[in-house]
$ cat run34.tsv   # TSV, C-alpha atoms
chain	number	residue	atom	x	y	z
U	1	MET	CA	-0.20	28.77	19.02
U	2	THR	CA	1.85	31.40	17.18
U	3	ARG	CA	3.20	30.76	13.71
U	4	GLU	CA	6.77	30.90	15.05
U	5	ARG	CA	6.03	28.34	17.77
U	6	SER	CA	4.30	26.08	15.26
U	7	ALA	CA	7.36	26.25	12.99
U	8	ARG	CA	9.67	25.36	15.91
U	9	ASN	CA	7.47	22.38	16.84
U	10	TYR	CA	7.49	21.21	13.22
U	11	ARG	CA	11.30	21.34	13.10
U	12	ARG	CA	11.45	19.27	16.31
U	13	MET	CA	9.23	16.54	14.85
U	14	ASP	CA	10.99	13.31	14.02
U	15	PRO	CA	11.56	12.89	10.26
U	16	LEU	CA	8.85	10.29	9.75
U	17	ALA	CA	6.21	12.29	11.61
U	18	ALA	CA	7.14	15.38	9.59
U	19	LEU	CA	6.96	13.46	6.32
U	20	LEU	CA	3.57	11.93	7.17
U	21	ARG	CA	2.30	15.40	8.00
U	22	ASP	CA	3.50	16.66	4.62
U	23	ILE	CA	1.85	13.76	2.78
U	24	ARG	CA	-1.47	14.30	4.55
U	25	ALA	CA	-1.30	17.99	3.60
U	26	CYS	CA	-0.38	17.26	-0.04
U	27	ARG	CA	-2.46	18.97	-2.72
U	28	ILE	CA	-0.39	18.39	-5.89
U	29	CYS	CA	-3.16	16.40	-7.63
U	30	GLU	CA	-6.08	18.45	-6.35
U	31	ALA	CA	-7.15	19.75	-9.75
U	32	HIS	CA	-7.47	16.18	-11.05
U	33	LEU	CA	-9.41	14.61	-8.17
U	34	PRO	CA	-13.17	14.84	-8.76
U	35	HIS	CA	-14.00	13.48	-5.30
U	36	GLY	CA	-11.61	15.82	-3.51
U	37	VAL	CA	-8.28	15.48	-1.75
U	38	ARG	CA	-7.88	12.98	1.09
U	39	PRO	CA	-4.39	11.43	1.32
U	40	ILE	CA	-4.63	8.16	3.24
U	41	ILE	CA	-1.60	6.44	4.73
U	42	ARG	CA	-0.86	4.35	7.82
U	43	ALA	CA	2.74	4.06	9.01
U	44	SER	CA	4.96	4.10	12.06
U	45	ALA	CA	8.59	3.54	12.90
U	46	LYS	CA	7.67	0.30	14.68
U	47	ALA	CA	5.82	-1.46	11.85
U	48	LYS	CA	7.18	-4.86	10.85
U	49	ILE	CA	5.17	-5.34	7.64
U	50	CYS	CA	4.52	-2.85	4.86
U	51	ILE	CA	1.71	-3.17	2.32
U	52	VAL	CA	2.16	-1.09	-0.84
U	53	ALA	CA	-1.06	-1.05	-2.86
U	54	GLN	CA	-2.41	1.09	-5.70
U	55	ALA	CA	-4.70	3.90	-4.53
U	56	PRO	CA	-7.72	4.16	-2.20
U	57	GLY	CA	-11.14	3.19	-3.51
U	58	ILE	CA	-14.25	5.24	-2.87
U	59	ARG	CA	-15.15	3.47	0.39
U	60	VAL	CA	-11.65	4.01	1.74
U	61	HIS	CA	-11.83	7.65	0.61
U	62	GLU	CA	-15.12	8.10	2.47
U	63	THR	CA	-14.05	6.38	5.69
U	64	GLY	CA	-10.35	7.29	5.77
U	65	LEU	CA	-9.45	3.69	6.63
U	66	SER	CA	-7.15	1.76	4.29
U	67	PHE	CA	-8.58	-1.44	2.75
U	68	ASN	CA	-11.87	-0.89	4.55
U	69	ASP	CA	-13.77	-2.82	1.89
U	70	PRO	CA	-14.23	-6.37	0.52
U	71	SER	CA	-10.75	-6.21	-1.02
U	72	GLY	CA	-9.39	-5.65	2.47
U	73	ASP	CA	-11.33	-8.61	3.80
U	74	ARG	CA	-9.75	-10.82	1.15
U	75	LEU	CA	-6.26	-9.41	1.74
U	76	ARG	CA	-6.54	-10.07	5.48
U	77	GLU	CA	-7.67	-13.61	4.74
U	78	TRP	CA	-4.68	-14.09	2.43
U	79	MET	CA	-2.37	-12.84	5.18
U	80	GLY	CA	-4.05	-14.87	7.91
U	81	ILE	CA	-4.61	-11.91	10.25
U	82	ASP	CA	-7.65	-10.13	11.69
U	83	ARG	CA	-8.63	-6.46	11.55
U	84	ASP	CA	-7.08	-5.68	14.92
U	85	VAL	CA	-3.64	-6.76	13.75
U	86	PHE	CA	-4.08	-5.33	10.26
U	87	TYR	CA	-4.93	-1.87	11.60
U	88	ASP	CA	-2.27	-1.82	14.31
U	89	GLU	CA	0.21	0.74	12.96
U	90	SER	CA	2.90	-0.59	15.29
U	91	ARG	CA	2.77	-3.81	13.29
U	92	VAL	CA	1.48	-3.04	9.78
U	93	ALA	CA	2.11	0.00	7.58
U	94	ILE	CA	-0.29	0.53	4.66
U	95	LEU	CA	0.38	2.93	1.82
U	96	GLY	CA	-0.42	3.31	-1.85
U	97	MET	CA	1.30	4.34	-5.04
U	98	GLY	CA	-1.31	7.09	-4.91
U	99	PHE	CA	-2.63	8.36	-1.58
U	100	CYS	CA	-5.94	9.79	-2.82
U	101	PHE	CA	-8.92	8.21	-4.58
U	102	PRO	CA	-8.32	9.03	-8.28
U	103	GLY	CA	-11.94	8.73	-9.41
U	104	TYR	CA	-13.65	6.44	-11.91
U	105	ASP	CA	-12.87	5.62	-15.52
U	106	VAL	CA	-15.53	5.53	-18.27
U	107	HIS	CA	-16.33	1.89	-17.46
U	108	GLY	CA	-16.95	2.52	-13.77
U	109	GLY	CA	-13.66	1.10	-12.55
U	110	ASP	CA	-11.15	3.04	-10.48
U	111	LEU	CA	-8.65	5.14	-12.37
U	112	PRO	CA	-4.93	4.41	-11.92
U	113	PRO	CA	-3.02	6.21	-9.16
U	114	ARG	CA	-2.22	9.77	-10.12
U	115	LYS	CA	1.16	9.92	-11.84
U	116	GLU	CA	2.35	12.84	-9.69
U	117	CYS	CA	2.10	10.97	-6.39
U	118	ALA	CA	4.77	8.26	-6.52
U	119	PRO	CA	7.65	10.49	-7.73
U	120	ALA	CA	6.79	13.01	-5.04
U	121	TRP	CA	6.67	10.62	-2.10
U	122	GLN	CA	7.71	6.98	-2.56
U	123	ASP	CA	11.49	7.36	-2.40
U	124	LYS	CA	11.25	9.86	0.45
U	125	LEU	CA	9.03	7.48	2.40
U	126	PHE	CA	11.24	4.44	2.02
U	127	ALA	CA	14.34	6.49	2.83
U	128	THR	CA	12.68	7.60	6.08
U	129	LEU	CA	10.79	4.47	7.15
U	130	PRO	CA	12.76	1.81	9.03
U	131	PRO	CA	13.56	-1.47	7.23
U	132	PHE	CA	10.59	-3.80	7.17
U	133	LYS	CA	10.79	-7.52	7.81
U	134	LEU	CA	8.30	-8.05	4.99
U	135	THR	CA	6.92	-5.87	2.20
U	136	LEU	CA	3.82	-6.91	0.26
U	137	LEU	CA	3.55	-5.33	-3.18
U	138	VAL	CA	-0.06	-5.35	-4.36
U	139	GLY	CA	-0.66	-4.80	-8.06
U	140	THR	CA	1.28	-3.73	-11.11
U	141	TYR	CA	2.00	-0.13	-10.10
U	142	SER	CA	3.80	-1.16	-6.95
U	143	PHE	CA	5.65	-3.89	-8.89
U	144	LYS	CA	7.01	-1.45	-11.46
U	145	TRP	CA	8.18	1.09	-8.90
U	146	HIS	CA	9.54	-1.05	-6.07
U	147	LEU	CA	10.99	-3.98	-7.99
U	148	ARG	CA	13.16	-1.52	-9.94
U	149	GLY	CA	13.28	-3.36	-13.26
U	150	ARG	CA	12.92	-6.84	-11.76
U	151	ALA	CA	9.17	-7.04	-12.42
U	152	LYS	CA	8.12	-9.35	-15.22
U	153	GLY	CA	6.00	-8.39	-18.19
U	154	ASN	CA	2.64	-8.67	-16.42
U	155	VAL	CA	0.99	-9.33	-13.07
U	156	THR	CA	0.73	-13.09	-13.56
U	157	ASP	CA	4.39	-13.56	-14.43
U	158	THR	CA	5.55	-11.29	-11.60
U	159	VAL	CA	3.44	-13.05	-8.96
U	160	LYS	CA	4.42	-16.45	-10.36
U	161	ALA	CA	8.07	-15.44	-9.88
U	162	TRP	CA	7.53	-14.71	-6.17
U	163	ARG	CA	10.41	-16.97	-5.15
U	164	GLU	CA	12.84	-14.56	-6.83
U	165	TYR	CA	11.89	-11.76	-4.45
U	166	ARG	CA	11.73	-13.60	-1.13
U	167	PRO	CA	12.16	-13.36	1.76
U	168	GLN	CA	11.75	-9.58	2.13
U	169	ILE	CA	9.24	-8.98	-0.71
U	170	ILE	CA	6.13	-10.83	-1.85
U	171	PRO	CA	4.24	-9.61	-4.96
U	172	LEU	CA	0.48	-10.12	-4.89
U	173	PRO	CA	-2.39	-9.53	-7.31
U	174	HIS	CA	-4.96	-7.01	-6.21
U	175	PRO	CA	-7.49	-8.73	-3.90
U	176	SER	CA	-10.43	-7.13	-5.74
U	177	TRP	CA	-13.43	-9.22	-6.79
U	178	ARG	CA	-12.45	-8.24	-10.34
U	179	ASN	CA	-9.61	-10.76	-10.02
U	180	ASN	CA	-11.86	-13.74	-9.24
U	181	VAL	CA	-11.33	-15.12	-12.74
U	182	TRP	CA	-7.55	-14.71	-12.36
U	183	LEU	CA	-7.62	-16.65	-9.10
U	184	LYS	CA	-9.53	-19.50	-10.71
U	185	LYS	CA	-7.08	-19.63	-13.61
U	186	ASN	CA	-4.06	-19.67	-11.32
U	187	PRO	CA	-4.67	-22.30	-8.60
U	188	TRP	CA	-0.94	-22.31	-7.74
U	189	PHE	CA	-1.52	-18.95	-6.03
U	190	ALA	CA	-3.69	-20.50	-3.31
U	191	ASP	CA	-1.82	-23.80	-3.24
U	192	GLU	CA	1.76	-22.51	-3.13
U	193	LEU	CA	2.01	-18.79	-2.46
U	194	LEU	CA	-0.67	-18.23	0.18
U	195	PRO	CA	0.71	-20.80	2.65
U	196	TYR	CA	4.15	-19.19	2.30
U	197	LEU	CA	2.65	-15.72	2.68
U	198	ARG	CA	0.92	-16.67	5.93
U	199	ARG	CA	4.09	-18.18	7.34
U	200	ARG	CA	6.08	-15.08	6.48
U	201	VAL	CA	3.46	-12.75	7.95
U	202	LYS	CA	3.38	-14.76	11.18
U	203	ALA	CA	7.18	-14.74	11.43
U	204	ALA	CA	7.44	-11.02	10.68
U	205	LEU	CA	4.95	-10.12	13.40
U	206	ARG	CA	6.80	-11.97	16.16
$ encode --input "run34.tsv" --output "C-alpha cells"
Amino acid sequence: MTRERSARNYRRMDPLAALLRDIRACRICEAHLPHGVRPIIRASAKAKICIVAQAPGIRVHETGLSFNDPSGDRLREWMGIDRDVFYDESRVAILGMGFCFPGYDVHGGDLPPRKECAPAWQDKLFATLPPFKLTLLVGTYSFKWHLRGRAKGNVTDTVKAWREYRPQIIPLPHPSWRNNVWLKKNPWFADELLPYLRRRVKAALR
C-alpha cells in the first residue's frame, strides 16, 4: 500500500477507530517506561459499560489483555459477569488513566500512571466515545480526573459517597489483593455497594 493510499484510508476511518489507532501508536512516555511501550485499551462504539482503571500491571503488559490477572478476577466477581462478557468489546470498554505499564517503585509496587497520558488522551476519548449507560471508576486517579472536583479527600470517602454519583457512575477501590485489609475494614462495600453494582451492570448490559 502506498503512503498516499494509507493516508486516504486513515482519513476515511471513523473518529473512534482513528483515535484508538493513535493511542496504540503513542510513544510520548517511551523514555520513562523501563518495560517498553505497549498501550492497552479496549473500546468500541457499541459498548454499554466503561471501566476506567489506573494503568496496566506487568501481566497485562505481557499478555496485552486488560485485567488479565487476579485483580481482574475480583473485579469480574464484583460486577457479577464472566470473562466472555467482560472481554466483549461490544459490551464493555476498558481503559486506564495510563495505557502502558509504568514499572515498579522501590517497594516493588506498580508506579502511578504516567502523568503525560491522561492529559493527552482522556478528554479526546470521552468526546469521541458514545455515552455509556454505566461508567466504573477504579481507583483514585480515575476519581480525580473524571469526577471533576466531586471526588472526596480519599478513596474510602469517595467510594462511601457512591450514591452521589449514581446512576451513571460508580466509584470503586482497586480490586488488588493489596486492598484486602481495606475490604475487611469496610464491610458496607460488600453489603451495600456490590449488590447495587451488580444490578446496575445487569441493567446496563440489556
$ closest_residue --input "run34.tsv" --among "U:Val106, U:Cys50, U:Val92, U:Ile58" --to "U:Leu33" --atoms "only C-alpha atoms"
U:Ile58
$ residues_around --input "run34.tsv" --residues "stretch 14-31 of chain U" --least-positions-apart "4" --cutoff "12 Å" --atoms "only C-alpha atoms" --output "number ranges by chain"
U: 7, 9-10, 35-46, 64, 95-96, 98-103, 113-130
$ atom_distance --input "run34.tsv" --atom1 "atom CA of U:Thr140" --atom2 "atom CA of U:Arg206"
29.0 Å
$ residues_near_point --input "run34.tsv" --point "(3.8, -16.1, 2.7)" --cutoff "10 Å" --atoms "all atoms listed in the file" --output "list in words"
Trp78, Met79, Gly80, Leu134, Leu136, Trp162, Arg166, Pro167, Ile169, Ile170, Glu192, Leu193, Leu194, Pro195, Tyr196, Leu197, Arg198, Arg199, Arg200, Val201, Lys202 and Ala203 of chain U
$ closest_residue --input "run34.tsv" --among "U:Lys48, U:Pro34, U:Thr158, U:His174" --to "U:Phe67" --atoms "all atoms listed in the file"
U:His174
$ atom_distance --input "run34.tsv" --atom1 "atom CA of U:Phe143" --atom2 "atom CA of U:Pro171"
7.1 Å
$ build_atoms --input "run34.tsv" --residues "stretch 25-39 of chain U" --atoms "N, CA and C atoms" --output "mmCIF file, in the coordinates of the input"
data_model
loop_
_atom_site.group_PDB
_atom_site.id
_atom_site.type_symbol
_atom_site.label_atom_id
_atom_site.label_comp_id
_atom_site.auth_asym_id
_atom_site.auth_seq_id
_atom_site.Cartn_x
_atom_site.Cartn_y
_atom_site.Cartn_z
ATOM 1 N N ALA U 25 -0.970 16.625 4.024
ATOM 2 C CA ALA U 25 -1.300 17.990 3.600
ATOM 3 C C ALA U 25 -1.115 18.191 2.098
ATOM 4 N N CYS U 26 -0.722 17.138 1.384
ATOM 5 C CA CYS U 26 -0.380 17.260 -0.040
ATOM 6 C C CYS U 26 -1.614 17.655 -0.869
ATOM 7 N N ARG U 27 -1.394 18.535 -1.830
ATOM 8 C CA ARG U 27 -2.460 18.970 -2.720
ATOM 9 C C ARG U 27 -2.005 18.990 -4.186
ATOM 10 N N ILE U 28 -0.945 18.261 -4.542
ATOM 11 C CA ILE U 28 -0.390 18.390 -5.890
ATOM 12 C C ILE U 28 -1.319 17.866 -6.974
ATOM 13 N N CYS U 29 -2.234 16.965 -6.633
ATOM 14 C CA CYS U 29 -3.160 16.400 -7.630
ATOM 15 C C CYS U 29 -4.559 16.989 -7.517
ATOM 16 N N GLU U 30 -4.742 17.988 -6.698
ATOM 17 C CA GLU U 30 -6.080 18.450 -6.350
ATOM 18 C C GLU U 30 -6.954 18.757 -7.561
ATOM 19 N N ALA U 31 -6.374 19.358 -8.574
ATOM 20 C CA ALA U 31 -7.150 19.750 -9.750
ATOM 21 C C ALA U 31 -7.677 18.557 -10.537
ATOM 22 N N HIS U 32 -7.115 17.372 -10.274
ATOM 23 C CA HIS U 32 -7.470 16.180 -11.050
ATOM 24 C C HIS U 32 -8.286 15.168 -10.238
ATOM 25 N N LEU U 33 -8.718 15.542 -9.050
ATOM 26 C CA LEU U 33 -9.410 14.610 -8.170
ATOM 27 C C LEU U 33 -10.879 15.022 -8.024
ATOM 28 N N PRO U 34 -11.768 14.402 -8.783
ATOM 29 C CA PRO U 34 -13.170 14.840 -8.760
ATOM 30 C C PRO U 34 -13.871 14.640 -7.426
ATOM 31 N N HIS U 35 -13.377 13.736 -6.600
ATOM 32 C CA HIS U 35 -14.000 13.480 -5.300
ATOM 33 C C HIS U 35 -13.285 14.223 -4.167
ATOM 34 N N GLY U 36 -12.307 15.042 -4.507
ATOM 35 C CA GLY U 36 -11.610 15.820 -3.510
ATOM 36 C C GLY U 36 -10.331 15.156 -3.014
ATOM 37 N N VAL U 37 -9.580 15.921 -2.255
ATOM 38 C CA VAL U 37 -8.280 15.480 -1.750
ATOM 39 C C VAL U 37 -8.447 14.837 -0.376
ATOM 40 N N ARG U 38 -7.921 13.628 -0.232
ATOM 41 C CA ARG U 38 -7.880 12.980 1.090
ATOM 42 C C ARG U 38 -6.751 11.959 1.084
ATOM 43 N N PRO U 39 -5.507 12.393 1.284
ATOM 44 C CA PRO U 39 -4.390 11.430 1.320
ATOM 45 C C PRO U 39 -4.550 10.477 2.502
#
